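Read the structure below first, then the notes.
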Amino acid sequence: MILSRAKRQRRIRAKIHGRTDRPRLCVFRSNKHIYAQLIDDDKNKTIVSAKDSELKLAKGESSNNMDAAFKIGELMAKKAQEKKIVQVVFDRSGYKYHGKIKALAEGARKGGLKF
């Protein structure tokens, strides 16, 4: 399973490239958490990052669900707009565009990022 995701990831990364004016929105999902970064591939720098542990969750609310992923997308969009970034290239990192990955992308779009 991991090898097939790594192959998909290499195939995707060969086609997309983040620039200063349009960085790459890279997503990583573990079993417990979800992370997102805006990366400038020309300079090999992370411009903005967001993770679910930054969210202020109510007591008993889990960070491992689609609502948290949506909020991460909105948080990423807010941080990107502070850096005057509006357009990004979405990198799903070999994950299916489904569930938490889709929720994060929709949250980023709602926050004002354009893919």
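Letters A, B, ... mark the chains of the structure tokens in the order given; residue numbers begin at 1 per chain; ligand numbers begin at 1, in order shown.
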
- Contacts of A:Arg24 at 12 Å (only C-alpha atoms; same-chain gap of 4+ positions) as an MDAnalysis selection string: chainID A and resid 12:13 15:20 36:42 44:49 80 85:93 113:115

- Message: Considering only strand (DSSP E) as DSSP defines it on the backbone, what residues of chain A qualify? List them as an NGL selection string.
- Response: :A and (24-29 or 34-40 or 45-51 or 89-91)

Just the selected residues (N, CA, C and O atoms), exported as a CSV table (one decimal), in the first residue's frame, please.
```
chain,number,residue,atom,x,y,z
A,24,ARG,N,3.0,25.5,-3.9
A,24,ARG,CA,2.4,24.2,-3.9
A,24,ARG,C,1.8,24.0,-2.5
A,24,ARG,O,2.4,24.1,-1.5
A,25,LEU,N,0.5,23.6,-2.5
A,25,LEU,CA,-0.2,23.3,-1.2
A,25,LEU,C,-0.1,21.8,-1.0
A,25,LEU,O,-0.8,21.0,-1.7
A,26,CYS,N,0.8,21.4,-0.2
A,26,CYS,CA,1.1,20.0,0.0
A,26,CYS,C,0.4,19.5,1.3
A,26,CYS,O,0.4,20.2,2.3
A,27,VAL,N,-0.2,18.3,1.2
A,27,VAL,CA,-1.0,17.8,2.3
A,27,VAL,C,-0.4,16.5,2.8
A,27,VAL,O,0.0,15.6,2.0
A,28,PHE,N,-0.3,16.3,4.1
A,28,PHE,CA,0.1,15.0,4.7
A,28,PHE,C,-0.9,14.6,5.7
A,28,PHE,O,-1.4,15.4,6.5
A,29,ARG,N,-1.3,13.3,5.6
A,29,ARG,CA,-2.3,12.8,6.5
A,29,ARG,C,-1.7,11.6,7.2
A,29,ARG,O,-1.3,10.6,6.6
A,34,ILE,N,-3.5,15.7,10.6
A,34,ILE,CA,-3.4,16.2,9.2
A,34,ILE,C,-2.6,17.5,9.2
A,34,ILE,O,-2.8,18.3,10.1
A,35,TYR,N,-1.8,17.6,8.2
A,35,TYR,CA,-0.9,18.8,8.1
A,35,TYR,C,-1.0,19.3,6.6
A,35,TYR,O,-1.2,18.6,5.7
A,36,ALA,N,-0.7,20.6,6.5
A,36,ALA,CA,-0.7,21.3,5.2
A,36,ALA,C,0.4,22.3,5.2
A,36,ALA,O,0.7,22.9,6.2
A,37,GLN,N,1.1,22.4,4.0
A,37,GLN,CA,2.2,23.4,3.8
A,37,GLN,C,2.1,24.1,2.5
A,37,GLN,O,1.6,23.4,1.5
A,38,LEU,N,2.5,25.3,2.4
A,38,LEU,CA,2.7,26.0,1.2
A,38,LEU,C,4.2,26.0,0.9
A,38,LEU,O,4.9,26.5,1.7
A,39,ILE,N,4.6,25.4,-0.2
A,39,ILE,CA,6.0,25.3,-0.5
A,39,ILE,C,6.4,26.0,-1.8
A,39,ILE,O,5.7,25.8,-2.8
A,40,ASP,N,7.5,26.7,-1.7
A,40,ASP,CA,8.1,27.3,-2.9
A,40,ASP,C,9.2,26.4,-3.4
A,40,ASP,O,10.2,26.3,-2.7
A,45,LYS,N,11.7,26.2,0.1
A,45,LYS,CA,11.3,26.8,1.3
A,45,LYS,C,9.8,26.6,1.6
A,45,LYS,O,9.0,26.6,0.7
A,46,THR,N,9.5,26.4,2.9
A,46,THR,CA,8.1,26.3,3.3
A,46,THR,C,7.7,27.7,3.7
A,46,THR,O,8.3,28.4,4.5
A,47,ILE,N,6.6,28.2,3.0
A,47,ILE,CA,6.2,29.6,3.3
A,47,ILE,C,5.2,29.6,4.5
A,47,ILE,O,5.4,30.5,5.3
A,48,VAL,N,4.3,28.7,4.5
A,48,VAL,CA,3.2,28.7,5.5
A,48,VAL,C,2.9,27.3,5.8
A,48,VAL,O,2.9,26.4,4.9
A,49,SER,N,2.6,27.0,7.1
A,49,SER,CA,2.2,25.6,7.4
A,49,SER,C,1.1,25.7,8.4
A,49,SER,O,0.9,26.7,9.1
A,50,ALA,N,0.3,24.6,8.5
A,50,ALA,CA,-0.8,24.5,9.4
A,50,ALA,C,-1.0,23.1,9.8
A,50,ALA,O,-0.8,22.2,9.0
A,51,LYS,N,-1.4,22.8,11.0
A,51,LYS,CA,-1.6,21.5,11.5
A,51,LYS,C,-2.8,21.5,12.4
A,51,LYS,O,-3.2,22.5,13.0
A,89,VAL,N,-1.0,25.7,-6.2
A,89,VAL,CA,-1.1,24.4,-6.9
A,89,VAL,C,-1.4,23.3,-5.8
A,89,VAL,O,-0.6,23.2,-4.9
A,90,PHE,N,-2.4,22.5,-6.0
A,90,PHE,CA,-2.8,21.6,-5.0
A,90,PHE,C,-2.1,20.2,-5.2
A,90,PHE,O,-2.1,19.7,-6.3
A,91,ASP,N,-1.4,19.8,-4.1
A,91,ASP,CA,-0.6,18.5,-4.2
A,91,ASP,C,-1.3,17.6,-3.1
A,91,ASP,O,-1.1,17.8,-1.9
```

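For the pair atom CA of A:Lys79 and atom CA of A:Ala105, the separation is 14.7 Å.
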
- For stretch 97-100 of chain A: contacts at 10 Å, only C-alpha atoms, fewer than 2 positions along chain excluded, given as a PyMOL selection string: chain A and resi 29+34+64-70+92-95+102-106

For C-alpha atoms, I'd like the residues from the last selection saved as a PDB file, in the first residue's frame.
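In the end it all went to again-v1.pdb:
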```pdb
ATOM      1  CA  ARG A  29      -2.302  12.797   6.527  1.00  0.00           C
ATOM      2  CA  ILE A  34      -3.438  16.184   9.195  1.00  0.00           C
ATOM      3  CA  ASN A  64      -9.095  13.282  13.375  1.00  0.00           C
ATOM      4  CA  ASN A  65     -12.192  14.010  11.321  1.00  0.00           C
ATOM      5  CA  MET A  66     -13.401  15.887   8.269  1.00  0.00           C
ATOM      6  CA  ASP A  67     -14.523  18.958  10.238  1.00  0.00           C
ATOM      7  CA  ALA A  68     -10.986  19.431  11.536  1.00  0.00           C
ATOM      8  CA  ALA A  69      -9.600  18.988   8.006  1.00  0.00           C
ATOM      9  CA  PHE A  70     -12.006  21.662   6.724  1.00  0.00           C
ATOM     10  CA  ARG A  92      -2.633  15.681  -2.691  1.00  0.00           C
ATOM     11  CA  SER A  93       0.574  13.662  -2.095  1.00  0.00           C
ATOM     12  CA  GLY A  94      -0.744  10.459  -3.599  1.00  0.00           C
ATOM     13  CA  TYR A  95      -3.866  10.329  -1.432  1.00  0.00           C
ATOM     14  CA  LYS A 102     -11.259  16.841  -0.143  1.00  0.00           C
ATOM     15  CA  ALA A 103     -12.501  18.589   3.018  1.00  0.00           C
ATOM     16  CA  LEU A 104      -9.154  20.372   3.430  1.00  0.00           C
ATOM     17  CA  ALA A 105      -9.250  21.522  -0.211  1.00  0.00           C
ATOM     18  CA  GLU A 106     -12.830  22.785   0.136  1.00  0.00           C
TER      19      GLU A 106
END
```

- Tell me, which residues of stretch 26-115 of chain A carry DSSP helix (DSSP H, G or I), written as number ranges by chain? A: 52-54, 66-82, 100-111

Can those selected residues be exported to a file as a short mmCIF file (atom, residue, chain, number, x, y, z; two decimals), in the first residue's frame so that it contains N, CA, C and O atoms?
```cif
data_model
loop_
_atom_site.label_atom_id
_atom_site.label_comp_id
_atom_site.auth_asym_id
_atom_site.auth_seq_id
_atom_site.Cartn_x
_atom_site.Cartn_y
_atom_site.Cartn_z
N ASP A 52 -3.38 20.31 12.64
CA ASP A 52 -4.60 20.23 13.43
C ASP A 52 -4.37 20.54 14.91
O ASP A 52 -5.30 20.93 15.60
N SER A 53 -3.15 20.42 15.40
CA SER A 53 -2.90 20.74 16.81
C SER A 53 -2.98 22.25 17.07
O SER A 53 -3.07 22.67 18.22
N GLU A 54 -2.95 23.07 16.01
CA GLU A 54 -3.10 24.52 16.16
C GLU A 54 -4.55 24.93 16.38
O GLU A 54 -4.81 26.03 16.84
N MET A 66 -13.31 15.00 9.43
CA MET A 66 -13.40 15.89 8.27
C MET A 66 -13.65 17.34 8.67
O MET A 66 -13.21 18.24 7.97
N ASP A 67 -14.31 17.58 9.79
CA ASP A 67 -14.52 18.96 10.24
C ASP A 67 -13.19 19.63 10.56
O ASP A 67 -12.96 20.79 10.22
N ALA A 68 -12.31 18.89 11.22
CA ALA A 68 -10.99 19.43 11.54
C ALA A 68 -10.20 19.69 10.26
O ALA A 68 -9.50 20.70 10.14
N ALA A 69 -10.29 18.80 9.28
CA ALA A 69 -9.60 18.99 8.01
C ALA A 69 -10.11 20.24 7.29
O ALA A 69 -9.32 21.01 6.72
N PHE A 70 -11.42 20.46 7.33
CA PHE A 70 -12.01 21.66 6.72
C PHE A 70 -11.46 22.92 7.41
O PHE A 70 -11.09 23.89 6.75
N LYS A 71 -11.38 22.89 8.74
CA LYS A 71 -10.87 24.03 9.49
C LYS A 71 -9.39 24.28 9.20
O LYS A 71 -8.94 25.42 9.17
N ILE A 72 -8.63 23.21 8.98
CA ILE A 72 -7.21 23.35 8.61
C ILE A 72 -7.10 24.06 7.27
O ILE A 72 -6.24 24.91 7.07
N GLY A 73 -7.97 23.71 6.32
CA GLY A 73 -7.98 24.38 5.03
C GLY A 73 -8.27 25.87 5.16
O GLY A 73 -7.62 26.71 4.52
N GLU A 74 -9.25 26.20 6.00
CA GLU A 74 -9.56 27.61 6.22
C GLU A 74 -8.41 28.35 6.90
O GLU A 74 -8.09 29.48 6.55
N LEU A 75 -7.78 27.69 7.88
CA LEU A 75 -6.64 28.29 8.57
C LEU A 75 -5.47 28.51 7.60
O LEU A 75 -4.81 29.55 7.64
N MET A 76 -5.24 27.55 6.72
CA MET A 76 -4.18 27.67 5.72
C MET A 76 -4.46 28.86 4.80
O MET A 76 -3.56 29.63 4.48
N ALA A 77 -5.70 29.01 4.37
CA ALA A 77 -6.07 30.12 3.49
C ALA A 77 -5.87 31.46 4.20
O ALA A 77 -5.37 32.42 3.60
N LYS A 78 -6.22 31.51 5.47
CA LYS A 78 -6.05 32.76 6.23
C LYS A 78 -4.57 33.13 6.35
O LYS A 78 -4.19 34.28 6.13
N LYS A 79 -3.73 32.14 6.67
CA LYS A 79 -2.29 32.40 6.78
C LYS A 79 -1.69 32.78 5.44
O LYS A 79 -0.80 33.62 5.36
N ALA A 80 -2.17 32.16 4.36
CA ALA A 80 -1.66 32.47 3.02
C ALA A 80 -2.03 33.89 2.61
O ALA A 80 -1.22 34.59 2.00
N GLN A 81 -3.23 34.31 2.93
CA GLN A 81 -3.65 35.66 2.57
C GLN A 81 -2.88 36.71 3.35
O GLN A 81 -2.67 37.81 2.86
N GLU A 82 -2.44 36.38 4.57
CA GLU A 82 -1.58 37.30 5.31
C GLU A 82 -0.25 37.50 4.60
O GLU A 82 0.36 38.56 4.69
N LYS A 100 -10.98 13.44 4.00
CA LYS A 100 -10.27 14.54 4.67
C LYS A 100 -9.50 15.41 3.69
O LYS A 100 -9.42 16.63 3.87
N ILE A 101 -8.92 14.81 2.66
CA ILE A 101 -8.17 15.58 1.67
C ILE A 101 -9.11 16.53 0.92
O ILE A 101 -8.81 17.70 0.71
N LYS A 102 -10.27 16.02 0.54
CA LYS A 102 -11.26 16.84 -0.14
C LYS A 102 -11.78 17.93 0.78
O LYS A 102 -11.97 19.08 0.36
N ALA A 103 -12.01 17.60 2.05
CA ALA A 103 -12.50 18.59 3.02
C ALA A 103 -11.48 19.70 3.22
O ALA A 103 -11.84 20.89 3.29
N LEU A 104 -10.20 19.36 3.29
CA LEU A 104 -9.15 20.37 3.43
C LEU A 104 -9.14 21.29 2.21
O LEU A 104 -9.05 22.51 2.34
N ALA A 105 -9.25 20.72 1.02
CA ALA A 105 -9.25 21.52 -0.21
C ALA A 105 -10.46 22.45 -0.26
O ALA A 105 -10.34 23.62 -0.63
N GLU A 106 -11.63 21.95 0.14
CA GLU A 106 -12.83 22.78 0.14
C GLU A 106 -12.73 23.91 1.17
O GLU A 106 -13.17 25.03 0.92
N GLY A 107 -12.12 23.62 2.32
CA GLY A 107 -11.91 24.65 3.33
C GLY A 107 -10.97 25.74 2.83
O GLY A 107 -11.18 26.92 3.07
N ALA A 108 -9.92 25.33 2.11
CA ALA A 108 -8.99 26.31 1.55
C ALA A 108 -9.67 27.16 0.49
O ALA A 108 -9.43 28.37 0.41
N ARG A 109 -10.51 26.55 -0.32
CA ARG A 109 -11.24 27.32 -1.34
C ARG A 109 -12.20 28.30 -0.69
O ARG A 109 -12.33 29.44 -1.12
N LYS A 110 -12.89 27.85 0.37
CA LYS A 110 -13.83 28.72 1.07
C LYS A 110 -13.08 29.89 1.71
O LYS A 110 -13.60 31.00 1.78
N GLY A 111 -11.86 29.62 2.17
CA GLY A 111 -11.06 30.66 2.78
C GLY A 111 -10.50 31.68 1.79
O GLY A 111 -9.98 32.70 2.20
#
```

- In Å, with one decimal, what is the gap from atom CA of A:Arg22 to atom CA of A:Lys43? 12.6 Å

- Query: What does the distance between atom CA of A:Asn31 and atom CA of A:Ser62 come to in Å, to one decimal place?
  - Reply: 12.4 Å
